[in-house]
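upload19.pdb (PDB, C-alpha atoms)
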ATOM      1  CA  MET A  19      15.675   6.044 -11.595
ATOM      2  CA  LYS A  20      14.371   3.456 -14.004
ATOM      3  CA  CYS A  21      13.916  -0.240 -13.413
ATOM      4  CA  THR A  22      16.410  -1.957 -15.722
ATOM      5  CA  GLY A  23      15.896  -5.640 -14.920
ATOM      6  CA  LYS A  24      19.674  -6.278 -15.238
ATOM      7  CA  LYS A  25      21.058  -9.499 -13.832
ATOM      8  CA  ILE A  26      22.481  -9.473 -10.334
ATOM      9  CA  VAL A  27      26.126 -10.562 -10.501
ATOM     10  CA  LEU A  28      27.551 -12.830  -7.856
ATOM     11  CA  ALA A  29      30.822 -11.465  -6.545
ATOM     12  CA  GLY A  30      34.158 -12.835  -5.414
ATOM     13  CA  SER A  31      35.322 -16.377  -5.895
ATOM     14  CA  LEU A  32      32.162 -17.536  -7.698
ATOM     15  CA  CYS A  33      32.670 -14.992 -10.497
ATOM     16  CA  ALA A  34      36.346 -15.825 -10.742
ATOM     17  CA  LEU A  35      35.542 -19.522 -11.058
ATOM     18  CA  LEU A  36      32.924 -18.968 -13.740
ATOM     19  CA  LEU A  37      35.234 -16.587 -15.615
ATOM     20  CA  ALA A  38      37.782 -19.352 -15.941
ATOM     21  CA  VAL A  39      35.157 -21.671 -17.397
ATOM     22  CA  THR A  40      32.740 -19.506 -19.386
ATOM     23  CA  GLY A  41      33.449 -15.794 -19.089
ATOM     24  CA  CYS A  42      31.515 -15.143 -15.867
ATOM     25  CA  GLY A  43      27.993 -16.370 -16.578
ATOM     26  CA  ALA A  44      27.350 -15.372 -20.168
ATOM     27  CA  ASN A  45      25.327 -18.411 -21.187
ATOM     28  CA  ASP A  46      22.109 -20.085 -20.102
ATOM     29  CA  ALA A  47      23.814 -23.216 -18.771
ATOM     30  CA  VAL A  48      25.852 -21.233 -16.256
ATOM     31  CA  LEU A  49      22.855 -19.128 -15.247
ATOM     32  CA  SER A  50      20.861 -22.304 -14.666
ATOM     33  CA  TYR A  51      23.688 -23.775 -12.598
ATOM     34  CA  GLU A  52      23.909 -20.645 -10.441
ATOM     35  CA  LYS A  53      20.185 -20.622  -9.748
ATOM     36  CA  GLU A  54      20.236 -24.298  -8.832
ATOM     37  CA  ASN A  55      23.245 -24.156  -6.525
ATOM     38  CA  TYR A  56      23.492 -20.646  -5.054
ATOM     39  CA  SER A  57      21.246 -18.171  -3.263
ATOM     40  CA  LYS A  58      17.752 -18.538  -4.693
ATOM     41  CA  ASN A  59      16.688 -15.369  -2.859
ATOM     42  CA  ILE A  60      18.982 -13.353  -5.121
ATOM     43  CA  TYR A  61      17.197 -14.568  -8.215
ATOM     44  CA  GLN A  62      13.773 -14.183  -6.684
ATOM     45  CA  ALA A  63      14.631 -10.545  -5.978
ATOM     46  CA  GLU A  64      15.887 -10.124  -9.542
ATOM     47  CA  LEU A  65      12.679 -11.449 -11.071
ATOM     48  CA  PHE A  66      10.489  -9.543  -8.611
ATOM     49  CA  ALA A  67      12.180  -6.232  -9.483
ATOM     50  CA  GLU A  68      11.748  -6.535 -13.239
ATOM     51  CA  ASP A  69       8.424  -4.668 -13.266
ATOM     52  CA  LEU A  70       9.054  -2.310 -10.344
ATOM     53  CA  CYS A  71      10.181   1.258  -9.899
ATOM     54  CA  VAL A  72      13.598   0.717  -8.320
ATOM     55  CA  SER A  73      15.839   3.215  -6.563
ATOM     56  CA  ALA A  74      18.455   2.938  -3.839
ATOM     57  CA  GLU A  75      18.278   6.627  -2.962
ATOM     58  CA  ASP A  76      16.059   9.691  -3.111
ATOM     59  CA  VAL A  77      15.320  11.074  -6.586
ATOM     60  CA  SER A  78      15.111  14.756  -7.509
ATOM     61  CA  LEU A  79      12.806  16.254 -10.123
ATOM     62  CA  GLU A  80      13.970  19.286 -12.068
ATOM     63  CA  GLY A  81      11.910  22.328 -11.214
ATOM     64  CA  PHE A  82      10.202  20.712  -8.230
ATOM     65  CA  ASP A  83      11.127  20.836  -4.567
ATOM     66  CA  GLY A  84       9.121  18.810  -2.089
ATOM     67  CA  ASP A  85       7.925  20.194   1.204
ATOM     68  CA  SER A  86      10.910  19.802   3.521
ATOM     69  CA  SER A  87       8.603  19.714   6.553
ATOM     70  CA  LEU A  88       7.030  16.465   5.342
ATOM     71  CA  HIS A  89       8.135  13.050   6.563
ATOM     72  CA  ALA A  90       8.320  11.675   3.001
ATOM     73  CA  MET A  91       7.011  12.111  -0.550
ATOM     74  CA  GLY A  92       7.156  10.025  -3.733
ATOM     75  CA  LEU A  93       5.890   9.840  -7.307
ATOM     76  CA  PHE A  94       6.167   6.579  -9.259
ATOM     77  CA  ASN A  95       5.324   5.866 -12.907
ATOM     78  CA  VAL A  96       3.783   2.413 -12.600
ATOM     79  CA  THR A  97       3.460   1.963 -16.368
ATOM     80  CA  ASP A  98       7.116   2.639 -17.185
ATOM     81  CA  GLY A  99       8.609   1.387 -13.917
ATOM     82  CA  GLU A 100      10.277   4.668 -13.005
ATOM     83  CA  VAL A 101      10.804   6.587  -9.777
ATOM     84  CA  ILE A 102       9.963  10.145 -10.811
ATOM     85  CA  TYR A 103      10.484  11.827  -7.456
ATOM     86  CA  GLY A 104      11.484  10.669  -4.000
ATOM     87  CA  GLN A 105      12.024  12.595  -0.762
ATOM     88  CA  ASP A 106      13.073  10.546   2.285
ATOM     89  CA  LEU A 107      11.838   7.372   0.576
ATOM     90  CA  PHE A 108      13.636   5.026   2.953
ATOM     91  CA  THR A 109      13.058   6.815   6.261
ATOM     92  CA  ARG A 110      11.201   4.693   8.829
ATOM     93  CA  LEU A 111       7.774   6.240   9.446
ATOM     94  CA  TYR A 112       4.479   5.588  11.188
ATOM     95  CA  PRO A 113       1.847   4.838   8.520
ATOM     96  CA  ALA A 114      -1.400   5.422  10.449
ATOM     97  CA  SER A 115      -4.403   4.144   8.453
ATOM     98  CA  THR A 116      -2.461   3.653   5.228
ATOM     99  CA  THR A 117      -1.731   0.351   7.025
ATOM    100  CA  LYS A 118      -5.181  -0.724   5.836
ATOM    101  CA  ILE A 119      -3.896  -1.039   2.267
ATOM    102  CA  LEU A 120      -1.902  -4.096   3.316
ATOM    103  CA  THR A 121      -4.778  -5.393   5.448
ATOM    104  CA  ALA A 122      -7.040  -5.251   2.384
ATOM    105  CA  LEU A 123      -4.425  -6.877   0.161
ATOM    106  CA  VAL A 124      -3.914  -9.837   2.506
ATOM    107  CA  ALA A 125      -7.680 -10.320   2.823
ATOM    108  CA  ILE A 126      -8.232 -10.228  -0.949
ATOM    109  CA  LYS A 127      -5.436 -12.710  -1.566
ATOM    110  CA  ASN A 128      -6.476 -15.183   1.104
ATOM    111  CA  SER A 129     -10.273 -15.164   1.285
ATOM    112  CA  ASN A 130     -13.554 -15.382  -0.591
ATOM    113  CA  LEU A 131     -15.034 -11.886  -0.538
ATOM    114  CA  ASP A 132     -18.569 -13.310  -0.523
ATOM    115  CA  ASP A 133     -18.004 -15.094   2.800
ATOM    116  CA  VAL A 134     -20.273 -13.909   5.600
ATOM    117  CA  VAL A 135     -18.483 -12.658   8.715
ATOM    118  CA  THR A 136     -19.891 -12.335  12.237
ATOM    119  CA  VAL A 137     -18.499  -9.355  14.129
ATOM    120  CA  SER A 138     -16.974 -10.082  17.533
ATOM    121  CA  SER A 139     -17.083  -7.765  20.537
ATOM    122  CA  ALA A 140     -13.409  -6.881  19.929
ATOM    123  CA  ALA A 141     -14.338  -5.666  16.432
ATOM    124  CA  SER A 142     -17.367  -3.632  17.449
ATOM    125  CA  ALA A 143     -17.248   0.142  17.135
ATOM    126  CA  SER A 144     -17.763   0.469  20.888
ATOM    127  CA  SER A 145     -14.311  -1.070  21.442
ATOM    128  CA  PHE A 146     -12.603   2.055  20.052
ATOM    129  CA  SER A 147     -12.134   5.548  21.398
ATOM    130  CA  TRP A 148     -14.635   8.258  20.591
ATOM    131  CA  ASP A 149     -12.321   9.928  18.048
ATOM    132  CA  ALA A 150     -11.341   6.749  16.160
ATOM    133  CA  SER A 151     -12.490   6.183  12.572
ATOM    134  CA  ILE A 152     -15.155   3.491  12.534
ATOM    135  CA  ALA A 153     -17.591   1.826  10.154
ATOM    136  CA  GLY A 154     -20.241   1.485  12.885
ATOM    137  CA  LEU A 155     -20.113  -2.278  13.401
ATOM    138  CA  GLN A 156     -21.898  -3.893  16.351
ATOM    139  CA  THR A 157     -21.278  -7.169  18.151
ATOM    140  CA  GLY A 158     -23.085  -9.990  16.351
ATOM    141  CA  ASP A 159     -23.452  -8.102  13.055
ATOM    142  CA  GLN A 160     -23.253 -10.256   9.945
ATOM    143  CA  LEU A 161     -21.971  -8.901   6.630
ATOM    144  CA  THR A 162     -19.779 -10.096   3.797
ATOM    145  CA  LEU A 163     -16.036  -9.777   3.724
ATOM    146  CA  ARG A 164     -16.506  -7.548   0.666
ATOM    147  CA  ASP A 165     -18.689  -5.247   2.773
ATOM    148  CA  LEU A 166     -15.992  -5.164   5.434
ATOM    149  CA  LEU A 167     -13.359  -4.174   2.882
ATOM    150  CA  TYR A 168     -15.460  -1.203   1.808
ATOM    151  CA  GLY A 169     -15.924  -0.339   5.488
ATOM    152  CA  LEU A 170     -12.168  -0.595   5.898
ATOM    153  CA  MET A 171     -11.110   1.552   2.946
ATOM    154  CA  LEU A 172     -13.848   4.174   2.540
ATOM    155  CA  PRO A 173     -14.621   5.429   6.080
ATOM    156  CA  SER A 174     -11.323   3.931   7.305
ATOM    157  CA  GLY A 175     -13.069   1.704   9.811
ATOM    158  CA  ASN A 176     -10.788   0.491  12.583
ATOM    159  CA  ASP A 177     -13.588  -1.872  13.564
ATOM    160  CA  SER A 178     -13.685  -3.324  10.038
ATOM    161  CA  ALA A 179      -9.922  -3.904  10.214
ATOM    162  CA  VAL A 180     -10.222  -6.051  13.333
ATOM    163  CA  ALA A 181     -13.223  -7.973  11.958
ATOM    164  CA  ILE A 182     -11.254  -8.735   8.779
ATOM    165  CA  ALA A 183      -8.170  -9.757  10.741
ATOM    166  CA  GLU A 184     -10.072 -12.117  13.021
ATOM    167  CA  TYR A 185     -11.901 -13.769  10.131
ATOM    168  CA  VAL A 186      -9.008 -14.128   7.681
ATOM    169  CA  GLY A 187      -6.351 -15.020  10.232
ATOM    170  CA  GLY A 188      -8.459 -16.862  12.785
ATOM    171  CA  THR A 189      -7.034 -14.443  15.353
ATOM    172  CA  GLU A 190      -5.723 -10.918  15.020
ATOM    173  CA  GLU A 191      -2.251 -12.147  16.003
ATOM    174  CA  ASN A 192      -2.216 -14.802  13.268
ATOM    175  CA  PHE A 193      -3.408 -12.256  10.740
ATOM    176  CA  MET A 194      -0.560  -9.902  11.590
ATOM    177  CA  GLU A 195       1.879 -12.745  10.945
ATOM    178  CA  MET A 196       0.304 -13.071   7.500
ATOM    179  CA  VAL A 197       0.567  -9.307   6.994
ATOM    180  CA  ASN A 198       4.255  -9.161   7.866
ATOM    181  CA  GLU A 199       4.988 -12.221   5.741
ATOM    182  CA  GLU A 200       3.280 -10.526   2.792
ATOM    183  CA  ALA A 201       5.376  -7.397   3.361
ATOM    184  CA  GLN A 202       8.553  -9.481   3.285
ATOM    185  CA  ASN A 203       7.404 -11.253   0.122
ATOM    186  CA  LEU A 204       6.967  -7.842  -1.498
ATOM    187  CA  MET A 205      10.512  -6.900  -0.430
ATOM    188  CA  ALA A 206       9.062  -4.241   1.879
ATOM    189  CA  THR A 207      11.896  -4.917   4.308
ATOM    190  CA  GLY A 208      11.498  -1.605   6.164
ATOM    191  CA  THR A 209       7.977  -2.542   7.250
ATOM    192  CA  HIS A 210       6.673  -4.147  10.432
ATOM    193  CA  PHE A 211       2.994  -3.912  11.375
ATOM    194  CA  VAL A 212       1.496  -4.668  14.786
ATOM    195  CA  THR A 213      -2.188  -3.905  14.152
ATOM    196  CA  PRO A 214      -4.451  -4.267  11.091
ATOM    197  CA  ASN A 215      -5.656  -0.662  11.369
ATOM    198  CA  GLY A 216      -2.517   1.382  12.050
ATOM    199  CA  LEU A 217      -3.408   2.720  15.476
ATOM    200  CA  HIS A 218      -0.149   3.986  16.895
ATOM    201  CA  ASP A 219       2.478   1.599  18.189
ATOM    202  CA  GLU A 220       6.204   2.352  18.291
ATOM    203  CA  ASP A 221       6.907  -1.019  16.680
ATOM    204  CA  HIS A 222       4.465  -0.367  13.814
ATOM    205  CA  TYR A 223       6.287   1.302  10.940
ATOM    206  CA  THR A 224       7.018   1.408   7.226
ATOM    207  CA  THR A 225       8.738   3.622   4.636
ATOM    208  CA  ALA A 226       7.346   5.597   1.719
ATOM    209  CA  TYR A 227       9.083   3.239  -0.702
ATOM    210  CA  ASP A 228       7.651   0.191   1.057
ATOM    211  CA  MET A 229       4.214   1.782   0.886
ATOM    212  CA  TYR A 230       4.713   2.102  -2.869
ATOM    213  CA  LEU A 231       5.588  -1.610  -3.070
ATOM    214  CA  ILE A 232       2.502  -2.566  -1.063
ATOM    215  CA  PHE A 233       0.082  -0.290  -2.912
ATOM    216  CA  ASN A 234       1.558  -1.270  -6.271
ATOM    217  CA  GLU A 235       0.715  -4.899  -5.509
ATOM    218  CA  ALA A 236      -2.769  -4.073  -4.234
ATOM    219  CA  VAL A 237      -3.806  -2.167  -7.376
ATOM    220  CA  LYS A 238      -3.147  -5.302  -9.438
ATOM    221  CA  TYR A 239      -6.429  -6.645  -8.022
ATOM    222  CA  ASP A 240      -9.629  -5.385  -9.654
ATOM    223  CA  GLU A 241     -11.524  -5.800  -6.387
ATOM    224  CA  PHE A 242      -9.148  -3.423  -4.633
ATOM    225  CA  VAL A 243      -9.344  -0.776  -7.370
ATOM    226  CA  ASP A 244     -13.146  -1.040  -7.375
ATOM    227  CA  ILE A 245     -13.153  -0.299  -3.654
ATOM    228  CA  ILE A 246     -10.749   2.653  -3.614
ATOM    229  CA  SER A 247     -12.432   4.281  -6.630
ATOM    230  CA  ALA A 248     -15.976   4.076  -5.215
ATOM    231  CA  ASP A 249     -17.815   7.321  -4.451
ATOM    232  CA  SER A 250     -19.841   5.506  -1.810
ATOM    233  CA  TYR A 251     -20.966   2.038  -0.794
ATOM    234  CA  THR A 252     -24.092   0.782   0.954
ATOM    235  CA  ALA A 253     -23.879  -2.426   2.976
ATOM    236  CA  GLN A 254     -26.812  -4.499   4.152
ATOM    237  CA  ILE A 255     -25.937  -5.585   7.683
ATOM    238  CA  THR A 256     -27.888  -8.193   9.640
ATOM    239  CA  GLY A 257     -27.770  -7.403  13.351
ATOM    240  CA  ALA A 258     -27.592  -9.886  16.198
ATOM    241  CA  ASP A 259     -31.375  -9.555  16.579
ATOM    242  CA  GLY A 260     -31.921 -10.492  12.919
ATOM    243  CA  ALA A 261     -32.934  -6.994  11.835
ATOM    244  CA  VAL A 262     -31.335  -5.721   8.619
ATOM    245  CA  ARG A 263     -30.035  -2.168   8.397
ATOM    246  CA  SER A 264     -28.465  -0.245   5.533
ATOM    247  CA  VAL A 265     -25.206   1.601   6.171
ATOM    248  CA  THR A 266     -23.648   3.904   3.575
ATOM    249  CA  TRP A 267     -19.940   4.685   3.681
ATOM    250  CA  LYS A 268     -18.094   7.442   1.822
ATOM    251  CA  PRO A 269     -14.346   7.984   1.290
ATOM    252  CA  THR A 270     -12.304  10.049   3.720
ATOM    253  CA  SER A 271     -10.260  11.643   0.913
ATOM    254  CA  PHE A 272     -10.965  15.349   0.471
ATOM    255  CA  TYR A 273     -10.555  14.846  -3.285
ATOM    256  CA  ALA A 274     -13.392  12.307  -3.322
ATOM    257  CA  ARG A 275     -15.519  14.447  -1.021
ATOM    258  CA  GLY A 276     -15.064  17.596  -3.124
ATOM    259  CA  GLU A 277     -13.378  19.347  -0.196
ATOM    260  CA  ALA A 278     -10.080  19.875  -2.046
ATOM    261  CA  ALA A 279      -9.547  21.074  -5.615
ATOM    262  CA  LEU A 280      -8.543  18.201  -7.865
ATOM    263  CA  PRO A 281      -5.077  18.153  -9.425
ATOM    264  CA  THR A 282      -4.923  19.035 -13.124
ATOM    265  CA  GLY A 283      -1.881  16.880 -13.820
ATOM    266  CA  ALA A 284      -3.753  13.557 -13.723
ATOM    267  CA  THR A 285      -7.031  11.919 -12.781
ATOM    268  CA  VAL A 286      -7.172  10.668  -9.201
ATOM    269  CA  ILE A 287      -8.568   7.128  -9.243
ATOM    270  CA  GLY A 288      -8.513   6.515  -5.500
ATOM    271  CA  GLY A 289      -6.374   5.601  -2.546
ATOM    272  CA  LYS A 290      -6.109   5.712   1.220
ATOM    273  CA  THR A 291      -5.753   8.434   3.822
ATOM    274  CA  GLY A 292      -4.213   8.141   7.261
ATOM    275  CA  TYR A 293      -3.716  10.230  10.379
ATOM    276  CA  THR A 294      -2.372   9.944  13.894
ATOM    277  CA  GLY A 295      -0.582  12.580  15.917
ATOM    278  CA  GLU A 296       2.686  10.665  15.518
ATOM    279  CA  ALA A 297       2.280   9.882  11.800
ATOM    280  CA  GLY A 298       0.857  13.219  10.698
ATOM    281  CA  ASN A 299      -1.445  13.314   7.676
ATOM    282  CA  CYS A 300      -0.776  10.695   4.999
ATOM    283  CA  LEU A 301      -2.215   9.984   1.560
ATOM    284  CA  VAL A 302      -1.469   7.241  -0.986
ATOM    285  CA  LEU A 303      -3.122   7.530  -4.427
ATOM    286  CA  LEU A 304      -3.418   5.831  -7.798
ATOM    287  CA  ASP A 305      -3.532   8.400 -10.613
ATOM    288  CA  GLN A 306      -3.834   8.228 -14.400
ATOM    289  CA  ALA A 307      -2.188  10.720 -16.750
ATOM    290  CA  ALA A 308      -3.692  11.999 -19.996
ATOM    291  CA  ASP A 309      -1.382   9.711 -21.983
ATOM    292  CA  GLY A 310      -2.764   6.655 -20.159
ATOM    293  CA  ASP A 311       0.192   6.029 -17.851
ATOM    294  CA  TYR A 312      -0.576   5.123 -14.239
ATOM    295  CA  TYR A 313       1.181   6.758 -11.298
ATOM    296  CA  ILE A 314       1.336   6.165  -7.578
ATOM    297  CA  SER A 315       1.719   9.342  -5.529
ATOM    298  CA  ILE A 316       2.541   9.348  -1.825
ATOM    299  CA  VAL A 317       2.648  12.090   0.797
ATOM    300  CA  MET A 318       3.398  11.161   4.416
ATOM    301  CA  GLY A 319       3.535  13.360   7.489
ATOM    302  CA  ALA A 320       1.854  16.618   6.472
ATOM    303  CA  ALA A 321       1.192  18.909   9.423
ATOM    304  CA  ASP A 322      -2.500  19.333   8.577
ATOM    305  CA  LYS A 323      -5.046  18.285   5.949
ATOM    306  CA  PRO A 324      -4.917  21.484   3.859
ATOM    307  CA  LEU A 325      -1.147  21.112   3.581
ATOM    308  CA  LEU A 326      -1.532  17.418   2.754
ATOM    309  CA  TYR A 327      -3.699  18.135  -0.279
ATOM    310  CA  GLN A 328      -1.656  21.173  -1.270
ATOM    311  CA  ASP A 329       1.476  19.031  -1.356
ATOM    312  CA  MET A 330      -0.230  16.132  -3.120
ATOM    313  CA  THR A 331      -1.700  18.430  -5.779
ATOM    314  CA  ALA A 332       1.687  20.047  -6.379
ATOM    315  CA  LEU A 333       3.223  16.577  -6.785
ATOM    316  CA  ILE A 334       0.587  15.238  -9.193
ATOM    317  CA  ASP A 335       0.671  18.438 -11.221
ATOM    318  CA  GLN A 336       4.258  17.591 -12.209
ATOM    319  CA  ILE A 337       2.974  14.732 -14.365
ATOM    320  CA  PRO A 338       2.071  16.618 -17.607
ATOM    321  CA  SER A 339       5.671  17.794 -18.005
ATOM    322  CA  LEU A 340       6.769  14.149 -17.932
ATOM    323  CA  GLU A 341       4.507  12.996 -20.767
ATOM    324  CA  GLY A 342       5.574  12.419 -24.349
TER     325      GLY A 342
END
For this file, write the structure as structure tokens.
Amino acid sequence: MKCTGKKIVLAGSLCALLLAVTGCGANDAVLSYEKENYSKNIYQAELFAEDLCVSAEDVSLEGFDGDSSLHAMGLFNVTDGEVIYGQDLFTRLYPASTTKILTALVAIKNSNLDDVVTVSSAASASSFSWDASIAGLQTGDQLTLRDLLYGLMLPSGNDSAVAIAEYVGGTEENFMEMVNEEAQNLMATGTHFVTPNGLHDEDHYTTAYDMYLIFNEAVKYDEFVDIISADSYTAQITGADGAVRSVTWKPTSFYARGEAALPTGATVIGGKTGYTGEAGNCLVLLDQAADGDYYISIVMGAADKPLLYQDMTALIDQIPSLEG
């Protein structure tokens, strides 16, 4: 379904009153009066939606059937503002590490990326379980917020997420208030996050459509696109003892690692992976078609990584038939 940007009409007695005076809001004076005296949230939503892919329901794509075993799947033409395909777009899901997209967005919007951050014991790699994704941070390490964002998005560092949260928010709890406020501002009303890294919590959830809204906002920032499109990144970290060490991080995406065949339908620019046992395997990507249009593609809840990339490739490979 395509974003139309049509005006939202106030119902009931308001419309009847305006009809008697002007013909139900056909001129600028009436529109101005409505915005001044009635629900401003309605008009904020109207203006916010003008450049978005908008749909109130799932969207089918002729000749393509999504994997019914998945939790959700979506393809969005960012350039034209169109929902191309949507399977279970509004189902509440666990996002795993795709959470870190919103963590990065809030940090970029609220901080100077050249600020130097000191890593607390709560943000050190040793604070996480042996199988958790980490960037290898140690208590007392000093590195820039920009470094931390690369450590967050490329190796999917849970330690980087906490270090970012503590620095940007003052405390992790304050940061999560900022995160959830940002989600509400983006109209991602099916989203509530408890942690900055997406480690499982029953009260930590989103939807595929909300993830589109969040990622769509994040890719408006050059710094974010630079990070997700990087093949690798080397940070210079000063330890608590003053010694400097170099740490190189690479993306977790099998596309970026050359461990999955690339789609032919569009160029994969970059994105974010995620996995927990409850969330399944998730992947959110920014893609560019041969005609220059940008797409966001989302797969959430694949049973394993091979299936995740098989489904994502099948989805992206629908793009050439949409061009022209």
Name the residues that the PyMOL selection byres ((chain A and resi 327) around 10) pulls out of this structure, and write them as a CSV table (one decimal) with C-alpha atoms, keeping the file's coordinate frame.
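Listing of expr18.csv after writing:
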chain,number,residue,atom,x,y,z
A,271,SER,CA,-10.3,11.6,0.9
A,272,PHE,CA,-11.0,15.3,0.5
A,273,TYR,CA,-10.6,14.8,-3.3
A,277,GLU,CA,-13.4,19.3,-0.2
A,278,ALA,CA,-10.1,19.9,-2.0
A,279,ALA,CA,-9.5,21.1,-5.6
A,280,LEU,CA,-8.5,18.2,-7.9
A,281,PRO,CA,-5.1,18.2,-9.4
A,299,ASN,CA,-1.4,13.3,7.7
A,300,CYS,CA,-0.8,10.7,5.0
A,301,LEU,CA,-2.2,10.0,1.6
A,317,VAL,CA,2.6,12.1,0.8
A,320,ALA,CA,1.9,16.6,6.5
A,322,ASP,CA,-2.5,19.3,8.6
A,323,LYS,CA,-5.0,18.3,5.9
A,324,PRO,CA,-4.9,21.5,3.9
A,325,LEU,CA,-1.1,21.1,3.6
A,326,LEU,CA,-1.5,17.4,2.8
A,328,GLN,CA,-1.7,21.2,-1.3
A,329,ASP,CA,1.5,19.0,-1.4
A,330,MET,CA,-0.2,16.1,-3.1
A,331,THR,CA,-1.7,18.4,-5.8
A,332,ALA,CA,1.7,20.0,-6.4
A,333,LEU,CA,3.2,16.6,-6.8
Residue members of the PyMOL selection byres ((chain A and resi 177) around 7) in the file shown, as a ChimeraX atom specification: /A:141-143,152-153,155,175-176,178-181
Atomic distance CA of Ala258 in chain A - CA of Asn128 in chain A, expressed in Å with one decimal: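 It comes out at 26.5 Å.
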Residues selected by the PyMOL selection byres ((chain A and resi 158) around 10), written as a PyMOL selection string: chain A and resi 135-139+141-142+155-157+159-161+256-260
Asn198 in chain A environment, 9 Å, only C-alpha atoms, sequence neighbours closer than 2 positions dropped, as a ChimeraX atom specification: /A:193-196,200-203,209-212
Close residues, His222 in chain A itself excluded, 10 Å, all atoms listed in the file, min 4 positions apart in chain, as a VMD selection string: chain A and resid 110 to 114 117 209 to 213 216 to 218
Close residues, Tyr312 in chain A itself excluded, 12 Å, only C-alpha atoms, min 2 positions apart in chain, as a ChimeraX atom specification: /A:93-100,234,237-238,283-288,303-310,314-315,334,337,341
Proximity to Ala274 in chain A - best of A:Leu172, A:Val262, A:Ala236, A:Ala150, only C-alpha atoms: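 Between A:Leu172, A:Val262, A:Ala236, A:Ala150, the residue approaching Ala274 in chain A most closely is A:Leu172.
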Within 10 Å of file point (-4.4, 0.7, 2.6), counting only C-alpha atoms, expressed as a count of residues only: 30
CA of Ser339 in chain A to CA of Ile316 in chain A, distance in Å rounded to a single decimal: 18.5 Å
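With CA of Asp311 in chain A on one side and CA of Thr109 in chain A on the other, the separation reads 27.3 Å.
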Using only C-alpha atoms: which of A:Thr270, A:Ser87, A:Gln336, A:Ser151 has the shortest distance to Ala248 in chain A: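 Closest to Ala248 in chain A, using only C-alpha atoms: A:Thr270.
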For range 132-144 of chain A, what centre and edge lengths in Å (one decimal) does the axis-aligned box get once 8 Å is added on each side of all its listed atoms, as AutoDock Vina command-line options?
--center_x -16.8 --center_y -7.3 --center_z 10.2 --size_x 22.9 --size_y 31.6 --size_z 37.4
Option closest in space to Ala90 in chain A, from A:Asp228, A:Asp132, A:Glu184, A:Met205 [counting only C-alpha atoms]: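 Using only C-alpha atoms, Ala90 in chain A sits closest to A:Asp228.
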A:Glu296, A:Asp244, A:Asp85, A:Asp335 ranked by distance to Tyr168 in chain A, top pick (using only C-alpha atoms):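 For Tyr168 in chain A, the nearest of the given residues is A:Asp244.
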Which of A:Gly208, A:Ala183, A:Ala125, A:Asp165 sits closest to Leu231 in chain A [using only C-alpha atoms]: A:Gly208
